[in-house]
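What's in structure_5.cif: mmCIF, C-alpha atoms and all ligand atoms
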```cif
data_input
loop_
_atom_site.label_atom_id
_atom_site.label_comp_id
_atom_site.auth_asym_id
_atom_site.auth_seq_id
_atom_site.Cartn_x
_atom_site.Cartn_y
_atom_site.Cartn_z
CA MET A 1 -60.60 -22.25 19.90
CA SER A 2 -64.11 -22.70 21.25
CA LEU A 3 -64.66 -24.76 24.40
CA ILE A 4 -66.66 -27.51 22.76
CA VAL A 5 -64.28 -27.80 19.83
CA ALA A 6 -61.38 -27.99 22.27
CA ALA A 7 -63.06 -30.78 24.20
CA ALA A 8 -64.03 -32.70 21.11
CA LEU A 9 -60.58 -32.46 19.58
CA LEU A 10 -58.79 -33.46 22.71
CA SER A 11 -61.10 -36.34 23.58
CA ALA A 12 -60.95 -37.72 20.07
CA ARG A 13 -57.19 -37.46 20.00
CA ALA A 14 -56.90 -38.99 23.44
CA ARG A 15 -59.60 -41.60 22.91
CA ILE A 16 -61.33 -40.95 26.20
CA PRO A 17 -65.13 -41.00 26.30
CA ALA A 18 -66.74 -37.65 25.40
CA SER A 19 -68.75 -37.71 28.67
CA GLU A 20 -65.49 -37.84 30.65
CA ALA A 21 -63.92 -35.15 28.48
CA SER A 22 -66.83 -32.79 29.10
CA LEU A 23 -66.72 -33.45 32.87
CA LEU A 24 -62.97 -32.74 32.92
CA LEU A 25 -63.50 -29.61 30.83
CA ALA A 26 -66.25 -28.39 33.16
CA GLU A 27 -63.97 -28.83 36.17
CA ALA A 28 -60.94 -27.33 34.40
CA THR A 29 -62.93 -24.22 33.48
CA GLY A 30 -64.90 -24.02 36.74
CA ARG A 31 -68.15 -24.04 34.71
CA SER A 32 -71.07 -26.45 34.61
CA LYS A 33 -71.58 -28.81 31.67
CA ALA A 34 -74.79 -26.86 30.88
CA TRP A 35 -72.86 -23.58 30.80
CA LEU A 36 -70.33 -25.08 28.40
CA ILE A 37 -73.07 -26.16 26.01
CA ALA A 38 -74.73 -22.72 26.15
CA HIS A 39 -71.40 -20.91 25.60
CA ASP A 40 -69.72 -23.04 22.99
CA ASP A 41 -68.27 -19.97 21.29
CA GLU A 42 -66.36 -18.83 24.40
CA VAL A 43 -62.61 -18.82 24.17
CA LEU A 44 -60.85 -21.30 26.44
CA PRO A 45 -58.51 -19.46 28.83
CA ILE A 46 -54.94 -20.68 28.63
CA GLU A 47 -54.71 -21.94 32.26
CA ALA A 48 -57.92 -23.92 31.86
CA ALA A 49 -56.69 -25.32 28.55
CA THR A 50 -53.40 -26.40 30.11
CA ARG A 51 -55.12 -28.02 33.10
CA PHE A 52 -57.61 -29.77 30.82
CA ALA A 53 -54.88 -31.09 28.50
CA ASP A 54 -52.94 -32.41 31.51
CA TRP A 55 -56.03 -34.16 32.93
CA VAL A 56 -56.92 -35.70 29.57
CA GLN A 57 -53.41 -37.06 29.28
CA ARG A 58 -53.59 -38.57 32.78
CA ARG A 59 -56.97 -40.09 32.02
CA GLU A 60 -55.59 -41.51 28.80
CA ALA A 61 -52.83 -43.15 30.86
CA GLY A 62 -55.57 -44.89 32.86
CA GLU A 63 -55.83 -42.77 36.00
CA PRO A 64 -59.41 -42.82 37.34
CA VAL A 65 -61.45 -39.64 36.78
CA ALA A 66 -62.28 -39.55 40.51
CA TYR A 67 -58.59 -39.40 41.49
CA ILE A 68 -57.85 -36.76 38.84
CA LEU A 69 -60.68 -34.52 40.05
CA GLY A 70 -60.27 -35.52 43.71
CA TRP A 71 -63.95 -36.24 44.24
CA ARG A 72 -66.78 -38.62 43.42
CA GLU A 73 -70.47 -38.27 44.07
CA PHE A 74 -72.17 -40.92 46.20
CA TYR A 75 -75.74 -40.97 47.51
CA GLY A 76 -76.14 -37.36 46.39
CA HIS A 77 -73.09 -36.04 48.24
CA ARG A 78 -69.67 -35.07 46.96
CA PHE A 79 -66.87 -37.02 48.66
CA THR A 80 -63.20 -36.14 48.48
CA VAL A 81 -61.22 -39.15 47.29
CA ALA A 82 -57.51 -39.82 46.81
CA PRO A 83 -55.49 -42.93 45.92
CA GLY A 84 -55.52 -43.99 49.62
CA VAL A 85 -59.22 -44.85 49.46
CA LEU A 86 -61.53 -46.88 47.24
CA ILE A 87 -63.59 -44.81 44.83
CA PRO A 88 -67.26 -44.94 45.93
CA ARG A 89 -69.33 -47.14 43.59
CA PRO A 90 -72.98 -46.57 42.67
CA GLU A 91 -73.78 -50.20 43.57
CA THR A 92 -72.78 -49.51 47.18
CA GLU A 93 -75.76 -47.16 47.48
CA LEU A 94 -77.79 -50.38 47.92
CA LEU A 95 -76.03 -50.89 51.25
CA VAL A 96 -77.01 -47.37 52.37
CA GLU A 97 -80.62 -47.78 51.21
CA GLU A 98 -81.13 -51.13 52.92
CA GLY A 99 -79.26 -49.93 56.00
CA LEU A 100 -81.64 -46.97 56.30
CA ALA A 101 -84.63 -49.28 55.82
CA ALA A 102 -83.36 -51.57 58.60
CA ILE A 103 -83.32 -48.71 61.15
CA LEU A 104 -86.41 -46.89 59.86
CA HIS A 105 -88.33 -47.42 63.11
CA THR A 106 -85.36 -47.22 65.48
CA PRO A 107 -85.01 -43.86 67.23
CA GLN A 108 -81.41 -42.65 67.72
CA PRO A 109 -79.90 -45.72 66.06
CA ARG A 110 -76.36 -46.74 66.89
CA ILE A 111 -74.50 -47.50 63.68
CA LEU A 112 -71.08 -49.04 62.95
CA ASP A 113 -69.34 -48.98 59.53
CA LEU A 114 -66.43 -51.43 59.23
CA GLY A 115 -63.75 -50.41 56.69
CA THR A 116 -65.07 -46.93 56.00
CA GLY A 117 -62.50 -45.76 53.41
CA SER A 118 -63.64 -42.32 52.19
CA GLY A 119 -66.41 -42.52 54.80
CA CYS A 120 -69.09 -42.45 52.09
CA ILE A 121 -71.37 -45.07 53.70
CA ALA A 122 -71.10 -43.85 57.30
CA ILE A 123 -71.47 -40.19 56.32
CA SER A 124 -74.43 -40.84 53.99
CA LEU A 125 -76.16 -42.72 56.83
CA ALA A 126 -75.38 -39.94 59.30
CA LEU A 127 -76.71 -37.28 56.92
CA ALA A 128 -79.91 -39.24 56.29
CA ARG A 129 -80.39 -39.90 60.02
CA PRO A 130 -79.21 -36.87 61.99
CA ASP A 131 -80.45 -38.56 65.19
CA ALA A 132 -78.05 -41.51 64.72
CA VAL A 133 -74.80 -42.13 66.58
CA VAL A 134 -72.37 -43.30 63.91
CA HIS A 135 -69.04 -45.02 64.49
CA ALA A 136 -66.74 -45.94 61.61
CA VAL A 137 -63.42 -47.77 61.54
CA ASP A 138 -60.59 -48.25 59.12
CA PHE A 139 -57.16 -49.85 59.42
CA SER A 140 -55.63 -47.14 57.24
CA ALA A 141 -54.70 -43.85 58.92
CA ASP A 142 -54.69 -42.27 55.45
CA ALA A 143 -58.28 -43.30 54.85
CA LEU A 144 -59.34 -41.98 58.27
CA LYS A 145 -57.88 -38.57 57.44
CA ILE A 146 -59.92 -38.39 54.24
CA ALA A 147 -63.07 -39.69 55.93
CA THR A 148 -62.73 -37.20 58.80
CA ALA A 149 -62.34 -34.33 56.32
CA ASN A 150 -65.39 -35.54 54.38
CA ALA A 151 -67.55 -35.64 57.52
CA GLU A 152 -66.47 -32.12 58.37
CA THR A 153 -67.04 -30.73 54.85
CA LEU A 154 -70.46 -32.35 54.64
CA GLY A 155 -71.35 -31.08 58.10
CA THR A 156 -71.98 -34.27 60.01
CA LYS A 157 -70.52 -36.09 62.98
CA VAL A 158 -69.04 -39.57 62.78
CA ALA A 159 -66.73 -41.08 65.42
CA PHE A 160 -63.79 -42.48 63.44
CA ILE A 161 -61.60 -45.13 65.05
CA ARG A 162 -58.43 -46.78 63.78
CA SER A 163 -59.04 -50.51 64.02
CA ASP A 164 -58.31 -53.82 62.34
CA TRP A 165 -61.97 -54.59 61.63
CA ALA A 166 -63.71 -54.65 65.02
CA THR A 167 -60.72 -55.51 67.21
CA SER A 168 -60.41 -51.98 68.69
CA VAL A 169 -64.13 -51.27 68.84
CA THR A 170 -65.14 -50.96 72.48
CA GLU A 171 -68.74 -49.88 71.86
CA ARG A 172 -71.46 -52.55 71.83
CA ASP A 173 -75.18 -52.85 71.14
CA PHE A 174 -75.31 -51.50 67.61
CA ASP A 175 -78.66 -51.24 65.81
CA LEU A 176 -76.97 -51.51 62.42
CA ILE A 177 -73.56 -52.67 61.23
CA VAL A 178 -72.59 -52.10 57.60
CA SER A 179 -69.50 -52.99 55.63
CA ASN A 180 -68.18 -52.83 52.10
CA PRO A 181 -65.02 -54.86 52.70
CA PRO A 182 -62.41 -56.05 50.23
CA TYR A 183 -63.88 -59.16 48.59
CA ILE A 184 -62.17 -59.65 45.24
CA HIS A 185 -60.25 -62.90 44.70
CA PRO A 186 -56.52 -62.00 44.78
CA ASP A 187 -56.05 -63.76 41.42
CA ASP A 188 -58.93 -61.94 39.72
CA GLU A 189 -57.65 -60.43 36.50
CA HIS A 190 -59.90 -57.36 37.01
CA LEU A 191 -57.39 -56.13 39.60
CA HIS A 192 -55.08 -55.42 36.65
CA GLN A 193 -57.70 -53.56 34.60
CA GLY A 194 -59.27 -50.09 34.55
CA ASP A 195 -59.66 -48.00 37.72
CA LEU A 196 -58.85 -50.95 40.01
CA ARG A 197 -55.15 -50.74 39.04
CA PHE A 198 -54.96 -47.38 40.81
CA GLU A 199 -56.99 -48.20 43.92
CA PRO A 200 -55.56 -49.53 47.21
CA ARG A 201 -55.19 -53.29 46.83
CA THR A 202 -56.02 -53.78 50.52
CA ALA A 203 -59.43 -52.19 49.92
CA LEU A 204 -60.18 -54.50 47.00
CA ALA A 205 -58.75 -57.99 47.44
CA ALA A 206 -59.02 -60.41 50.33
CA ALA A 207 -57.44 -63.77 51.13
CA GLY A 208 -59.47 -66.97 51.06
CA ALA A 209 -60.80 -66.38 47.54
CA GLY A 210 -61.99 -62.92 48.63
CA LEU A 211 -63.93 -64.21 51.64
CA ALA A 212 -61.49 -63.87 54.56
CA ASP A 213 -62.45 -60.33 55.59
CA LEU A 214 -66.16 -60.97 55.12
CA ARG A 215 -65.80 -63.90 57.55
CA ARG A 216 -64.03 -61.77 60.16
CA ILE A 217 -66.70 -59.10 59.85
CA VAL A 218 -69.61 -61.51 60.21
CA ASP A 219 -67.96 -63.22 63.20
CA ALA A 220 -67.22 -59.93 64.98
CA ALA A 221 -70.51 -58.26 64.14
CA ALA A 222 -72.57 -61.11 65.58
CA ASP A 223 -71.30 -60.12 69.05
CA LEU A 224 -71.72 -56.37 68.58
CA LEU A 225 -75.36 -56.33 67.45
CA LYS A 226 -78.27 -55.65 69.74
CA PRO A 227 -80.98 -58.33 69.69
CA GLY A 228 -83.18 -57.53 66.69
CA ALA A 229 -80.40 -55.50 65.01
CA THR A 230 -78.97 -56.12 61.55
CA LEU A 231 -75.60 -56.57 59.84
CA LEU A 232 -75.34 -55.82 56.10
CA CYS A 233 -72.31 -56.57 53.92
CA GLU A 234 -71.64 -55.89 50.28
CA HIS A 235 -69.98 -58.77 48.43
CA GLY A 236 -69.17 -60.03 44.95
CA TRP A 237 -71.78 -61.28 42.49
CA ASP A 238 -70.92 -64.94 43.20
CA GLN A 239 -70.44 -64.76 46.99
CA ALA A 240 -74.03 -64.51 48.28
CA GLY A 241 -74.23 -68.20 49.22
CA PHE A 242 -70.93 -68.18 51.11
CA VAL A 243 -71.81 -65.08 53.12
CA ARG A 244 -75.25 -66.49 53.90
CA GLU A 245 -73.56 -69.61 55.33
CA MET A 246 -71.29 -67.45 57.52
CA VAL A 247 -74.30 -65.54 58.82
CA VAL A 248 -76.27 -68.71 59.59
CA ALA A 249 -73.22 -70.24 61.33
CA LYS A 250 -73.28 -67.25 63.73
CA GLU A 251 -76.98 -67.86 64.41
CA LEU A 252 -78.15 -64.71 62.70
CA LEU A 253 -81.32 -64.74 60.60
CA PRO A 254 -80.10 -64.17 57.03
CA VAL A 255 -81.25 -61.24 54.87
CA GLN A 256 -80.29 -60.69 51.24
CA TYR A 257 -80.83 -57.84 48.79
CA ARG A 258 -80.58 -57.73 45.01
CA ASP A 259 -79.22 -54.93 42.88
CA LEU A 260 -81.07 -53.53 39.85
CA ALA A 261 -79.67 -56.36 37.73
CA GLY A 262 -81.31 -58.89 40.07
CA ILE A 263 -78.02 -60.09 41.58
CA VAL A 264 -77.69 -60.52 45.36
CA ARG A 265 -74.91 -58.05 46.27
CA VAL A 266 -75.81 -57.41 49.91
CA THR A 267 -76.11 -60.19 52.48
CA GLY A 268 -76.43 -59.90 56.22
CA GLY A 269 -78.22 -61.14 59.23
CA THR A 270 -80.51 -60.05 62.00
CA LYS A 271 -79.74 -61.07 65.56
CA PRO A 272 -82.78 -62.94 66.90
CA PRO A 273 -84.77 -60.86 69.34
CA LYS A 274 -84.33 -62.02 72.96
CA ALA A 275 -86.76 -64.78 73.96
CA ALA A 276 -89.37 -63.39 76.33
N1 LIG B 301 -67.27 -53.49 43.74
C1 LIG B 301 -65.88 -53.24 43.56
C2 LIG B 301 -65.43 -53.77 42.21
O1 LIG B 301 -65.67 -54.91 41.89
C3 LIG B 301 -65.04 -53.87 44.65
C4 LIG B 301 -65.22 -53.16 45.91
C5 LIG B 301 -64.78 -53.98 47.08
O2 LIG B 301 -63.91 -54.84 47.00
N2 LIG B 301 -65.36 -53.71 48.16
O3 LIG B 301 -64.87 -53.02 41.45
#
```

As structure tokens, how would this structure be written, given the file I've shared?
Ligand code: GLN
Amino acid sequence: MSLIVAAALLSARARIPASEASLLLAEATGRSKAWLIAHDDEVLPIEAATRFADWVQRREAGEPVAYILGWREFYGHRFTVAPGVLIPRPETELLVEEGLAAILHTPQPRILDLGTGSGCIAISLALARPDAVVHAVDFSADALKIATANAETLGTKVAFIRSDWATSVTERDFDLIVSNPPYIHPDDEHLHQGDLRFEPRTALAAAGAGLADLRRIVDAAADLLKPGATLLCEHGWDQAGFVREMVVAKELLPVQYRDLAGIVRVTGGTKPPKAA
């Protein structure tokens, strides 16, 4: 059977999208998608066929592609992921972009990432700013293992700390604090759909209608920022107003950023510069 025919047959039978089937086939064969297209008359080796059939079956049962393959690309880098960490989302790249913009003119910036998971935000920042000193925390020891391995594989240095948000952070005077915390309402039906069913619930949902962790982060970050420094948090599509209120209550100057769809998905605050 040719490679392409094999992929088409299996994806049709399994009812998984053809784009996913071709990615799984590329990984199962150790070839690129381009190679597969150029060599559609190659015979599929038996081990690759078996692996591919197994992956298609798992995908059909709902398992996220990122967990099946064990990686997901984020901000141009390949991050190892496993069920102990949230799968990096493209929308979170907004947090990295705006974070980098906030420290553009700050030499040797001191950065803190709260709830790092796979480490994708902290590591992307560290790779983009080799002069930065990056600290990242997570409550999950499992997540910290994955994040540490990712930093090593991608060849950058991040100081990982086990901490319940900022409670065990002893460093101060950060130039940038970023966080993609859990912010989904615990009753949100999306938690029972698609990839989210397989991801750690503690990385997705938060008490207080999804706002409890955001509040803790804003409260803690206000004390850890240098004057003139910025906190940026990702949040849900309908939470921008609530997070803005938290930021203002801590006497930070609010900043908000929209995604490509025009929805505010990142809110934060800048600590007022010290009065002269
Ligand atoms: N953006 C993710 C989703 O809605 C949630 C990520 C998070 O809770 N930080 O699927």

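Restricting the atom set to all atoms listed in the file, one finds that the residues within 9 Å of ligand LIG 301 (chain B) amount to Leu86, Ile87, Pro88, Arg89, Glu91, Thr92, Ser179, Asn180, Pro181, Pro182, Tyr183, Ile184, His190, Leu191, Asp195, Leu196, Arg201, Thr202, Ala203, Leu204, Ala205, Ala206, Gly210, Glu234, His235, Gly236 and Trp237 of chain A.
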
Just checking: using all atoms listed in the file, which residue out of A:Trp165, A:Ile121, A:Ala132, A:Gln57 ends up closest to Ala212 (chain A)? A:Trp165

Contact table region 167-271 of chain A vs region 62-75 of chain A, cut-off 10 Å, shortest pair per residue, only C-alpha atoms, as CSV:
```
residue,atom,partner,partner_atom,distance
A:Gln193,CA,A:Gly62,CA,9.1
A:Gly194,CA,A:Gly62,CA,6.6
A:Asp195,CA,A:Pro64,CA,5.2
A:Leu196,CA,A:Pro64,CA,8.6
A:Arg197,CA,A:Gly62,CA,8.5
A:Phe198,CA,A:Glu63,CA,6.7
A:Glu199,CA,A:Pro64,CA,8.8
```

Could you give me, as a PyMOL selection string, the residues within 10 Å of Lys250 (chain A), counting all atoms listed in the file and dropping anything in the same chain fewer than 6 positions from it? chain A and resi 218-223+269+271

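Comparing A:Ala166, A:Ala28, A:Leu225, A:Val247 by their smallest distance to Ile46 (chain A), the closest is A:Ala28 (using only C-alpha atoms).
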
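When all atoms listed in the file are used to compute distances to Asp113 (chain A), the closest of the residues A:Val158, A:Ala128, A:Ile177, A:Val85 turns out to be A:Ile177.
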
Mind dumping region 129-159 of chain A from that block, keeping N, CA, C and O atoms, as a PDB file, in the first residue's frame?
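What ended up in selection.pdb:
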```pdb
ATOM      1  N   ARG A 129      15.577  36.522  24.529  1.00  0.00           N
ATOM      2  CA  ARG A 129      16.391  37.504  25.258  1.00  0.00           C
ATOM      3  C   ARG A 129      17.467  36.774  26.064  1.00  0.00           C
ATOM      4  O   ARG A 129      17.327  36.577  27.266  1.00  0.00           O
ATOM      5  N   PRO A 130      18.541  36.390  25.367  1.00  0.00           N
ATOM      6  CA  PRO A 130      19.593  35.630  26.053  1.00  0.00           C
ATOM      7  C   PRO A 130      20.228  36.389  27.224  1.00  0.00           C
ATOM      8  O   PRO A 130      20.870  35.775  28.073  1.00  0.00           O
ATOM      9  N   ASP A 131      20.033  37.717  27.272  1.00  0.00           N
ATOM     10  CA  ASP A 131      20.606  38.492  28.380  1.00  0.00           C
ATOM     11  C   ASP A 131      19.699  38.489  29.609  1.00  0.00           C
ATOM     12  O   ASP A 131      20.073  38.998  30.665  1.00  0.00           O
ATOM     13  N   ALA A 132      18.506  37.903  29.503  1.00  0.00           N
ATOM     14  CA  ALA A 132      17.545  37.948  30.607  1.00  0.00           C
ATOM     15  C   ALA A 132      17.886  36.928  31.691  1.00  0.00           C
ATOM     16  O   ALA A 132      18.521  35.911  31.426  1.00  0.00           O
ATOM     17  N   VAL A 133      17.415  37.231  32.908  1.00  0.00           N
ATOM     18  CA  VAL A 133      17.462  36.262  34.008  1.00  0.00           C
ATOM     19  C   VAL A 133      16.022  35.818  34.215  1.00  0.00           C
ATOM     20  O   VAL A 133      15.166  36.630  34.575  1.00  0.00           O
ATOM     21  N   VAL A 134      15.747  34.542  33.920  1.00  0.00           N
ATOM     22  CA  VAL A 134      14.354  34.084  33.926  1.00  0.00           C
ATOM     23  C   VAL A 134      14.107  33.094  35.062  1.00  0.00           C
ATOM     24  O   VAL A 134      14.809  32.089  35.185  1.00  0.00           O
ATOM     25  N   HIS A 135      13.103  33.406  35.864  1.00  0.00           N
ATOM     26  CA  HIS A 135      12.633  32.499  36.909  1.00  0.00           C
ATOM     27  C   HIS A 135      11.244  32.010  36.508  1.00  0.00           C
ATOM     28  O   HIS A 135      10.479  32.762  35.918  1.00  0.00           O
ATOM     29  N   ALA A 136      10.938  30.755  36.848  1.00  0.00           N
ATOM     30  CA  ALA A 136       9.616  30.224  36.508  1.00  0.00           C
ATOM     31  C   ALA A 136       9.177  29.278  37.614  1.00  0.00           C
ATOM     32  O   ALA A 136       9.977  28.483  38.112  1.00  0.00           O
ATOM     33  N   VAL A 137       7.913  29.369  38.001  1.00  0.00           N
ATOM     34  CA  VAL A 137       7.418  28.502  39.063  1.00  0.00           C
ATOM     35  C   VAL A 137       6.251  27.655  38.580  1.00  0.00           C
ATOM     36  O   VAL A 137       5.537  28.026  37.652  1.00  0.00           O
ATOM     37  N   ASP A 138       6.090  26.525  39.251  1.00  0.00           N
ATOM     38  CA  ASP A 138       4.883  25.724  39.101  1.00  0.00           C
ATOM     39  C   ASP A 138       4.653  24.977  40.402  1.00  0.00           C
ATOM     40  O   ASP A 138       5.608  24.696  41.135  1.00  0.00           O
ATOM     41  N   PHE A 139       3.399  24.667  40.687  1.00  0.00           N
ATOM     42  CA  PHE A 139       3.064  23.913  41.888  1.00  0.00           C
ATOM     43  C   PHE A 139       3.310  22.423  41.648  1.00  0.00           C
ATOM     44  O   PHE A 139       3.561  21.660  42.577  1.00  0.00           O
ATOM     45  N   SER A 140       3.270  22.021  40.381  1.00  0.00           N
ATOM     46  CA  SER A 140       3.374  20.611  40.030  1.00  0.00           C
ATOM     47  C   SER A 140       4.826  20.196  39.777  1.00  0.00           C
ATOM     48  O   SER A 140       5.490  20.736  38.883  1.00  0.00           O
ATOM     49  N   ALA A 141       5.287  19.214  40.553  1.00  0.00           N
ATOM     50  CA  ALA A 141       6.653  18.703  40.370  1.00  0.00           C
ATOM     51  C   ALA A 141       6.791  18.041  39.000  1.00  0.00           C
ATOM     52  O   ALA A 141       7.845  18.134  38.354  1.00  0.00           O
ATOM     53  N   ASP A 142       5.713  17.423  38.553  1.00  0.00           N
ATOM     54  CA  ASP A 142       5.681  16.788  37.224  1.00  0.00           C
ATOM     55  C   ASP A 142       5.946  17.812  36.132  1.00  0.00           C
ATOM     56  O   ASP A 142       6.733  17.583  35.204  1.00  0.00           O
ATOM     57  N   ALA A 143       5.246  18.926  36.223  1.00  0.00           N
ATOM     58  CA  ALA A 143       5.390  19.997  35.232  1.00  0.00           C
ATOM     59  C   ALA A 143       6.833  20.515  35.249  1.00  0.00           C
ATOM     60  O   ALA A 143       7.432  20.726  34.190  1.00  0.00           O
ATOM     61  N   LEU A 144       7.384  20.694  36.453  1.00  0.00           N
ATOM     62  CA  LEU A 144       8.747  21.242  36.548  1.00  0.00           C
ATOM     63  C   LEU A 144       9.777  20.318  35.900  1.00  0.00           C
ATOM     64  O   LEU A 144      10.750  20.784  35.310  1.00  0.00           O
ATOM     65  N   LYS A 145       9.530  19.018  35.971  1.00  0.00           N
ATOM     66  CA  LYS A 145      10.437  18.056  35.324  1.00  0.00           C
ATOM     67  C   LYS A 145      10.424  18.271  33.817  1.00  0.00           C
ATOM     68  O   LYS A 145      11.466  18.289  33.152  1.00  0.00           O
ATOM     69  N   ILE A 146       9.217  18.395  33.275  1.00  0.00           N
ATOM     70  CA  ILE A 146       9.066  18.584  31.823  1.00  0.00           C
ATOM     71  C   ILE A 146       9.664  19.923  31.399  1.00  0.00           C
ATOM     72  O   ILE A 146      10.395  20.000  30.405  1.00  0.00           O
ATOM     73  N   ALA A 147       9.384  20.959  32.177  1.00  0.00           N
ATOM     74  CA  ALA A 147       9.892  22.297  31.843  1.00  0.00           C
ATOM     75  C   ALA A 147      11.420  22.323  31.887  1.00  0.00           C
ATOM     76  O   ALA A 147      12.071  22.902  31.004  1.00  0.00           O
ATOM     77  N   THR A 148      11.994  21.682  32.903  1.00  0.00           N
ATOM     78  CA  THR A 148      13.456  21.641  33.040  1.00  0.00           C
ATOM     79  C   THR A 148      14.080  20.932  31.839  1.00  0.00           C
ATOM     80  O   THR A 148      15.083  21.395  31.276  1.00  0.00           O
ATOM     81  N   ALA A 149      13.458  19.821  31.427  1.00  0.00           N
ATOM     82  CA  ALA A 149      13.971  19.081  30.268  1.00  0.00           C
ATOM     83  C   ALA A 149      13.855  19.928  29.001  1.00  0.00           C
ATOM     84  O   ALA A 149      14.756  19.929  28.154  1.00  0.00           O
ATOM     85  N   ASN A 150      12.755  20.669  28.870  1.00  0.00           N
ATOM     86  CA  ASN A 150      12.587  21.524  27.689  1.00  0.00           C
ATOM     87  C   ASN A 150      13.663  22.611  27.630  1.00  0.00           C
ATOM     88  O   ASN A 150      14.202  22.884  26.554  1.00  0.00           O
ATOM     89  N   ALA A 151      13.950  23.226  28.770  1.00  0.00           N
ATOM     90  CA  ALA A 151      14.970  24.289  28.795  1.00  0.00           C
ATOM     91  C   ALA A 151      16.313  23.713  28.366  1.00  0.00           C
ATOM     92  O   ALA A 151      17.060  24.326  27.589  1.00  0.00           O
ATOM     93  N   GLU A 152      16.594  22.509  28.852  1.00  0.00           N
ATOM     94  CA  GLU A 152      17.871  21.878  28.527  1.00  0.00           C
ATOM     95  C   GLU A 152      17.945  21.535  27.035  1.00  0.00           C
ATOM     96  O   GLU A 152      18.929  21.859  26.368  1.00  0.00           O
ATOM     97  N   THR A 153      16.889  20.893  26.520  1.00  0.00           N
ATOM     98  CA  THR A 153      16.866  20.513  25.095  1.00  0.00           C
ATOM     99  C   THR A 153      17.002  21.731  24.189  1.00  0.00           C
ATOM    100  O   THR A 153      17.675  21.681  23.157  1.00  0.00           O
ATOM    101  N   LEU A 154      16.330  22.812  24.579  1.00  0.00           N
ATOM    102  CA  LEU A 154      16.337  24.004  23.727  1.00  0.00           C
ATOM    103  C   LEU A 154      17.549  24.893  24.011  1.00  0.00           C
ATOM    104  O   LEU A 154      17.721  25.936  23.375  1.00  0.00           O
ATOM    105  N   GLY A 155      18.363  24.481  24.971  1.00  0.00           N
ATOM    106  CA  GLY A 155      19.643  25.152  25.187  1.00  0.00           C
ATOM    107  C   GLY A 155      19.539  26.519  25.832  1.00  0.00           C
ATOM    108  O   GLY A 155      20.238  27.451  25.446  1.00  0.00           O
ATOM    109  N   THR A 156      18.646  26.623  26.839  1.00  0.00           N
ATOM    110  CA  THR A 156      18.591  27.901  27.547  1.00  0.00           C
ATOM    111  C   THR A 156      18.499  27.667  29.049  1.00  0.00           C
ATOM    112  O   THR A 156      18.245  26.547  29.487  1.00  0.00           O
ATOM    113  N   LYS A 157      18.726  28.754  29.800  1.00  0.00           N
ATOM    114  CA  LYS A 157      18.729  28.608  31.257  1.00  0.00           C
ATOM    115  C   LYS A 157      17.545  29.336  31.871  1.00  0.00           C
ATOM    116  O   LYS A 157      17.358  30.530  31.659  1.00  0.00           O
ATOM    117  N   VAL A 158      16.755  28.575  32.632  1.00  0.00           N
ATOM    118  CA  VAL A 158      15.651  29.156  33.396  1.00  0.00           C
ATOM    119  C   VAL A 158      15.771  28.568  34.797  1.00  0.00           C
ATOM    120  O   VAL A 158      16.036  27.376  34.949  1.00  0.00           O
ATOM    121  N   ALA A 159      15.588  29.415  35.823  1.00  0.00           N
ATOM    122  CA  ALA A 159      15.607  28.920  37.206  1.00  0.00           C
ATOM    123  C   ALA A 159      14.197  28.487  37.574  1.00  0.00           C
ATOM    124  O   ALA A 159      13.304  29.322  37.717  1.00  0.00           O
TER     125      ALA A 159
END
```
